[in-house]
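Peer 1: Okay, here's the structure, questions in a sec.
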Amino acid sequence: MALERVKCPICRTPVLERAINQYDFMPCNGCSGLFDVEVFPALFRQNAPAQTGELVVVEGDSSCFYHPDKKAVLPCEGCGRFLCALCDCELAGAHFCPSCLETGRTKGKIKNLQNQRQLYDSIALMLAVLPVVTLFFWFFTLLTAPAALVMSIVYWNAPTSIVHRTKIRFVLAMICAVIEIGAWGALFYFLISRGRG
Amino acid sequence: MAFTSRQSLWLAKDHLLSIRSNRFIEEYRRFYFRDIQAISLRRTFRRAIWNLILSLSLLVILAFFLSGTRPVLSINLWPWYVLLALVGLPLLTNNLRGPTCTCYIRTAVQMEELPSMNRVRKAHRILERIRPLIAEAQGELTAEQLSNGMKELVRAAAEAAAARRFVTSPLNPS
């Protein structure tokens, strides 16, 4: 989408200059829908040509780990290997080599590269609470309560939401699960003792 | 968009974080201030549609409620009050929150909708907050820069269209 005009998101008609940065809704030329467009300098910025890395000219100069003929410009913040301008991947002010970037993405070590997370606390709470709330499926708690308890313990330290979130859901799930397991235990004890008596 | 899905927008040091959640999985999209090219708001009729639906529902409930000979204020009529509140409160909230819109954010590689910015007032409030941060990352855009930039974009678009025409013309027209 290099150097492309701003268009109406609905009818794709290019927006005229007089409708831009007016901080008010203006009618679209194509569909007459009201829209307010604000543009920023990045729209007119030409992409800089990619850096290829400077060649090592003086013997003894530090060279790139991946390209021994190219001059190192900085170390990777993940593994410490020297990198040339070509191998330098900048992310939120930090510099990584492609290998560390890939490892960080797959293992979830670099927070800014994560684009999905499982919310185990919500799953555990839902397992513990949903069968009881729905009333008709309360007997599922025989399975879901232990599952919720195990999940809360196993994933206690697993990362939850990327934004601040407390452990309250895990705690509530554990409390509900323990109560449900206790209730099942009491019911079985009652049935067994009644059967013997 | 599933019924149970939620969207939210968070402000980080150097980017906006849009979160879509179905309560069990969260998906993240980051829009760095240095990369944001444009933000567009488009007015929608969602408020009017909801007003119509909720008003009609409220009218039907009121018609049934007032059709009987019973007194209007009575503790025994609590199911009616609950029903009226269930329709009346969303109607009130829908109007208090103001006109609706859809918000699109554009970067060099994508044009994404931000579902959490769905009310004009809220969207303007968010824009007021992020505008200085974008300016800090990219610099201010003067009227002259905008004018020159737009001319450049028009010229680039014309060149691209001419190139397309050239490529798609027949090799040996007879």
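We label chains A, B, ... in the order they appear in the structure tokens, count residues from 1 in each chain, and number ligands from 1 in the order shown.
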Return the neighbours of chain A among the residues of chain B, cut-off 8 Å, counting only C-alpha atoms, as a ChimeraX atom specification.
Peer 2: /B:14,23-29,34-43,104,107-110,134-135,138-141,147,149-150,153-154,156-157
Peer 1: Taking the DSSP secondary structure from the backbone, can you list the residues of segment 39-149 of chain A that are alpha helix (DSSP H), as a PyMOL selection string?
Peer 2: chain A and resi 98-107+120-133+141-149
Peer 1: Write out as a PyMOL selection string which residues come within 12 Å of Arg97 of chain B when counting only C-alpha atoms, dropping same-chain ones fewer than 4 positions away.
Peer 2: chain B and resi 47+90-93+101+117-123
Peer 1: Go ahead and save the picked residues with C-alpha atoms, as a PDB file, in the first residue's frame.
Peer 2:
```
ATOM      1  CA  ARG B  47     -27.944   3.893  17.064  1.00  0.00           C
ATOM      2  CA  PRO B  90     -30.629  -0.096  26.944  1.00  0.00           C
ATOM      3  CA  LEU B  91     -32.707   2.502  25.077  1.00  0.00           C
ATOM      4  CA  LEU B  92     -31.593   5.197  27.505  1.00  0.00           C
ATOM      5  CA  THR B  93     -27.950   4.053  27.387  1.00  0.00           C
ATOM      6  CA  CYS B 101     -19.495   5.227  14.068  1.00  0.00           C
ATOM      7  CA  MET B 117     -14.199   2.900  18.930  1.00  0.00           C
ATOM      8  CA  ASN B 118     -17.857   2.609  18.011  1.00  0.00           C
ATOM      9  CA  ARG B 119     -19.246   5.884  19.383  1.00  0.00           C
ATOM     10  CA  VAL B 120     -18.379   9.290  17.960  1.00  0.00           C
ATOM     11  CA  ARG B 121     -17.856  10.971  21.319  1.00  0.00           C
ATOM     12  CA  LYS B 122     -15.659   8.175  22.603  1.00  0.00           C
ATOM     13  CA  ALA B 123     -13.692   8.034  19.336  1.00  0.00           C
TER      14      ALA B 123
END
```
Peer 1: Counting only C-alpha atoms, which of B:Leu54, B:Ile61, B:Asn95, B:Leu114 gets nearest to Pro79 of chain B?
Peer 2: B:Ile61
Peer 1: Could you tell me how far atom CA of Cys103 of chain B lies from atom CA of Ile126 of chain B, in Å and to one decimal?
Peer 2: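 For atom CA of Cys103 of chain B relative to atom CA of Ile126 of chain B, the distance reads 11.1 Å.
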Peer 1: For Cys176 of chain A, list every protein, DNA or RNA residue within 8 Å, evaluated using only C-alpha atoms, and leave out those in the same chain fewer than 6 positions away; present the list as a list in words.
Peer 2: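 Within the cut-off, the hits are Ala128, Val129 and Ala145 of chain A.
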Peer 1: Going by DSSP on the backbone, which residues of chain A come out as strand (DSSP E)? List them as a ChimeraX atom specification.
Peer 2: /A:26-27,34-39,74-75,82-83,89-91,94-96,116-118
Peer 1: List the neighbours of segment 181-197 of chain A out to 10 Å using only C-alpha atoms; skip same-chain residues closer than 5 positions along the sequence, and give me the result as a PyMOL selection string.
Peer 2: chain A and resi 139+141-146+149+175-176
Peer 1: With all heavy atoms kept, could you save the residues just selected as a compact mmCIF listing (two decimals), in the first residue's frame?
Peer 2:
```txt
# COMPACT_ATOMS: atom_id res chain seq x y z
N PHE A 139 -24.82 -32.30 36.84
CA PHE A 139 -24.12 -33.57 37.05
C PHE A 139 -22.76 -33.60 36.31
O PHE A 139 -21.91 -34.40 36.63
CB PHE A 139 -24.99 -34.76 36.62
CG PHE A 139 -25.62 -34.58 35.28
CD1 PHE A 139 -24.95 -34.96 34.13
CD2 PHE A 139 -26.90 -34.02 35.15
CE1 PHE A 139 -25.52 -34.80 32.89
CE2 PHE A 139 -27.48 -33.86 33.90
CZ PHE A 139 -26.79 -34.23 32.76
N THR A 141 -20.56 -31.57 36.74
CA THR A 141 -19.54 -31.10 37.69
C THR A 141 -18.68 -32.25 38.23
O THR A 141 -17.59 -32.03 38.71
CB THR A 141 -20.18 -30.35 38.87
OG1 THR A 141 -21.18 -31.19 39.43
CG2 THR A 141 -20.77 -29.03 38.44
N LEU A 142 -19.21 -33.47 38.12
CA LEU A 142 -18.43 -34.64 38.53
C LEU A 142 -17.11 -34.68 37.75
O LEU A 142 -16.08 -35.12 38.27
CB LEU A 142 -19.25 -35.92 38.28
CG LEU A 142 -18.67 -37.23 38.78
CD1 LEU A 142 -18.50 -37.23 40.28
CD2 LEU A 142 -19.55 -38.40 38.36
N LEU A 143 -17.17 -34.24 36.50
CA LEU A 143 -15.96 -34.20 35.67
C LEU A 143 -15.33 -32.81 35.63
O LEU A 143 -14.11 -32.67 35.69
CB LEU A 143 -16.31 -34.63 34.23
CG LEU A 143 -16.82 -36.04 34.03
CD1 LEU A 143 -17.31 -36.23 32.61
CD2 LEU A 143 -15.73 -37.05 34.36
N THR A 144 -16.19 -31.80 35.51
CA THR A 144 -15.65 -30.45 35.28
C THR A 144 -14.99 -29.85 36.54
O THR A 144 -14.05 -29.07 36.42
CB THR A 144 -16.73 -29.48 34.76
OG1 THR A 144 -17.78 -29.43 35.71
CG2 THR A 144 -17.25 -29.90 33.41
N ALA A 145 -15.50 -30.20 37.72
CA ALA A 145 -14.91 -29.64 38.95
C ALA A 145 -13.45 -30.08 39.13
O ALA A 145 -12.57 -29.23 39.32
CB ALA A 145 -15.75 -30.00 40.16
N PRO A 146 -13.16 -31.41 39.03
CA PRO A 146 -11.73 -31.78 39.11
C PRO A 146 -10.90 -31.16 37.99
O PRO A 146 -9.77 -30.75 38.21
CB PRO A 146 -11.76 -33.31 38.99
CG PRO A 146 -13.14 -33.71 39.33
CD PRO A 146 -14.03 -32.58 38.93
N LEU A 149 -10.13 -27.64 38.87
CA LEU A 149 -9.12 -27.58 39.95
C LEU A 149 -7.72 -27.87 39.41
O LEU A 149 -6.77 -27.13 39.71
CB LEU A 149 -9.50 -28.59 41.05
CG LEU A 149 -8.70 -28.52 42.33
CD1 LEU A 149 -8.88 -27.18 43.02
CD2 LEU A 149 -9.08 -29.65 43.27
N ILE A 175 -12.16 -22.42 44.46
CA ILE A 175 -13.14 -22.47 45.55
C ILE A 175 -14.39 -23.23 45.08
O ILE A 175 -14.87 -24.15 45.77
CB ILE A 175 -13.50 -21.04 46.03
CG1 ILE A 175 -12.29 -20.41 46.71
CG2 ILE A 175 -14.70 -21.05 46.96
CD1 ILE A 175 -12.44 -18.93 47.01
N CYS A 176 -14.90 -22.86 43.90
CA CYS A 176 -16.11 -23.52 43.38
C CYS A 176 -15.85 -25.01 43.19
O CYS A 176 -16.69 -25.86 43.54
CB CYS A 176 -16.51 -22.91 42.04
SG CYS A 176 -17.17 -21.26 42.20
```
Peer 1: Can you tell me, as a PDB file with all heavy atoms, in the first residue's frame, what residues are no more than 12 Å from Ile53 of chain B when counting only C-alpha atoms, ignoring any on the same chain fewer than 5 positions away?
Peer 2:
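What ended up in around.pdb:
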```
ATOM      1  N   ARG B  46     -26.326   2.640  13.360  1.00  0.00           N
ATOM      2  CA  ARG B  46     -26.563   1.602  14.363  1.00  0.00           C
ATOM      3  C   ARG B  46     -27.415   2.107  15.523  1.00  0.00           C
ATOM      4  O   ARG B  46     -28.317   1.417  15.996  1.00  0.00           O
ATOM      5  CB  ARG B  46     -25.212   1.060  14.867  1.00  0.00           C
ATOM      6  CG  ARG B  46     -25.301  -0.354  15.354  1.00  0.00           C
ATOM      7  CD  ARG B  46     -23.959  -0.984  15.628  1.00  0.00           C
ATOM      8  NE  ARG B  46     -23.129  -0.160  16.481  1.00  0.00           N
ATOM      9  CZ  ARG B  46     -22.011   0.425  16.094  1.00  0.00           C
ATOM     10  NH1 ARG B  46     -21.596   0.270  14.863  1.00  0.00           N
ATOM     11  NH2 ARG B  46     -21.311   1.149  16.918  1.00  0.00           N
ATOM     12  N   ARG B  47     -27.160   3.348  15.946  1.00  0.00           N
ATOM     13  CA  ARG B  47     -27.944   3.893  17.064  1.00  0.00           C
ATOM     14  C   ARG B  47     -29.419   4.010  16.664  1.00  0.00           C
ATOM     15  O   ARG B  47     -30.309   3.641  17.434  1.00  0.00           O
ATOM     16  CB  ARG B  47     -27.408   5.256  17.497  1.00  0.00           C
ATOM     17  CG  ARG B  47     -28.199   5.818  18.670  1.00  0.00           C
ATOM     18  CD  ARG B  47     -27.575   7.031  19.264  1.00  0.00           C
ATOM     19  NE  ARG B  47     -27.791   8.225  18.472  1.00  0.00           N
ATOM     20  CZ  ARG B  47     -27.886   9.445  18.985  1.00  0.00           C
ATOM     21  NH1 ARG B  47     -27.794   9.615  20.282  1.00  0.00           N
ATOM     22  NH2 ARG B  47     -28.051  10.484  18.225  1.00  0.00           N
ATOM     23  N   ALA B  48     -29.659   4.497  15.451  1.00  0.00           N
ATOM     24  CA  ALA B  48     -31.041   4.674  14.994  1.00  0.00           C
ATOM     25  C   ALA B  48     -31.757   3.325  14.894  1.00  0.00           C
ATOM     26  O   ALA B  48     -32.929   3.197  15.282  1.00  0.00           O
ATOM     27  CB  ALA B  48     -31.038   5.374  13.649  1.00  0.00           C
ATOM     28  N   LEU B  58     -40.543  -1.369  23.548  1.00  0.00           N
ATOM     29  CA  LEU B  58     -41.039  -0.657  24.733  1.00  0.00           C
ATOM     30  C   LEU B  58     -42.511  -0.292  24.561  1.00  0.00           C
ATOM     31  O   LEU B  58     -43.310  -0.434  25.505  1.00  0.00           O
ATOM     32  CB  LEU B  58     -40.202   0.611  24.959  1.00  0.00           C
ATOM     33  CG  LEU B  58     -40.346   1.291  26.311  1.00  0.00           C
ATOM     34  CD1 LEU B  58     -39.794   0.412  27.410  1.00  0.00           C
ATOM     35  CD2 LEU B  58     -39.611   2.631  26.321  1.00  0.00           C
ATOM     36  N   LEU B  59     -42.860   0.128  23.368  1.00  0.00           N
ATOM     37  CA  LEU B  59     -44.254   0.488  23.096  1.00  0.00           C
ATOM     38  C   LEU B  59     -45.175  -0.719  23.250  1.00  0.00           C
ATOM     39  O   LEU B  59     -46.260  -0.604  23.833  1.00  0.00           O
ATOM     40  CB  LEU B  59     -44.378   1.061  21.676  1.00  0.00           C
ATOM     41  CG  LEU B  59     -44.001   2.529  21.514  1.00  0.00           C
ATOM     42  CD1 LEU B  59     -44.069   2.936  20.051  1.00  0.00           C
ATOM     43  CD2 LEU B  59     -44.922   3.417  22.346  1.00  0.00           C
ATOM     44  N   VAL B  60     -44.724  -1.863  22.727  1.00  0.00           N
ATOM     45  CA  VAL B  60     -45.543  -3.086  22.831  1.00  0.00           C
ATOM     46  C   VAL B  60     -45.736  -3.464  24.299  1.00  0.00           C
ATOM     47  O   VAL B  60     -46.852  -3.748  24.748  1.00  0.00           O
ATOM     48  CB  VAL B  60     -44.873  -4.244  22.039  1.00  0.00           C
ATOM     49  CG1 VAL B  60     -45.557  -5.565  22.315  1.00  0.00           C
ATOM     50  CG2 VAL B  60     -44.901  -3.941  20.555  1.00  0.00           C
ATOM     51  N   VAL B  87     -35.807  -3.262  28.686  1.00  0.00           N
ATOM     52  CA  VAL B  87     -35.856  -2.605  27.374  1.00  0.00           C
ATOM     53  C   VAL B  87     -35.533  -1.108  27.505  1.00  0.00           C
ATOM     54  O   VAL B  87     -34.819  -0.539  26.673  1.00  0.00           O
ATOM     55  CB  VAL B  87     -37.253  -2.799  26.731  1.00  0.00           C
ATOM     56  CG1 VAL B  87     -37.316  -2.132  25.376  1.00  0.00           C
ATOM     57  CG2 VAL B  87     -37.550  -4.278  26.584  1.00  0.00           C
ATOM     58  N   GLY B  88     -36.042  -0.491  28.570  1.00  0.00           N
ATOM     59  CA  GLY B  88     -35.881   0.961  28.737  1.00  0.00           C
ATOM     60  C   GLY B  88     -34.446   1.379  29.010  1.00  0.00           C
ATOM     61  O   GLY B  88     -33.974   2.372  28.446  1.00  0.00           O
ATOM     62  N   PRO B  90     -31.476  -0.132  28.152  1.00  0.00           N
ATOM     63  CA  PRO B  90     -30.629  -0.096  26.944  1.00  0.00           C
ATOM     64  C   PRO B  90     -30.985   1.053  26.009  1.00  0.00           C
ATOM     65  O   PRO B  90     -30.106   1.648  25.389  1.00  0.00           O
ATOM     66  CB  PRO B  90     -30.911  -1.448  26.277  1.00  0.00           C
ATOM     67  CG  PRO B  90     -31.389  -2.321  27.342  1.00  0.00           C
ATOM     68  CD  PRO B  90     -32.112  -1.442  28.310  1.00  0.00           C
ATOM     69  N   LEU B  91     -32.281   1.386  25.940  1.00  0.00           N
ATOM     70  CA  LEU B  91     -32.707   2.502  25.077  1.00  0.00           C
ATOM     71  C   LEU B  91     -32.107   3.818  25.584  1.00  0.00           C
ATOM     72  O   LEU B  91     -31.575   4.622  24.808  1.00  0.00           O
ATOM     73  CB  LEU B  91     -34.239   2.580  25.065  1.00  0.00           C
ATOM     74  CG  LEU B  91     -34.858   3.658  24.188  1.00  0.00           C
ATOM     75  CD1 LEU B  91     -34.538   3.409  22.725  1.00  0.00           C
ATOM     76  CD2 LEU B  91     -36.371   3.710  24.377  1.00  0.00           C
ATOM     77  N   ASN B  94     -28.298   3.727  25.022  1.00  0.00           N
ATOM     78  CA  ASN B  94     -28.000   3.898  23.592  1.00  0.00           C
ATOM     79  C   ASN B  94     -28.025   5.376  23.210  1.00  0.00           C
ATOM     80  O   ASN B  94     -27.212   5.828  22.405  1.00  0.00           O
ATOM     81  CB  ASN B  94     -29.024   3.106  22.776  1.00  0.00           C
ATOM     82  CG  ASN B  94     -28.675   3.060  21.306  1.00  0.00           C
ATOM     83  OD1 ASN B  94     -27.511   2.964  20.939  1.00  0.00           O
ATOM     84  ND2 ASN B  94     -29.676   3.147  20.459  1.00  0.00           N
TER      85      ASN B  94
END
```
Peer 1: Could you work out how far atom CA of Ile49 of chain B lies from atom CA of Tyr81 of chain B, giving the answer in Å with one decimal?
Peer 2: 24.0 Å
Peer 1: As an exercise, work out the distance from atom CA of Met174 of chain A to atom CA of Met151 of chain A in Å and give it to one decimal place.
Peer 2: 9.2 Å
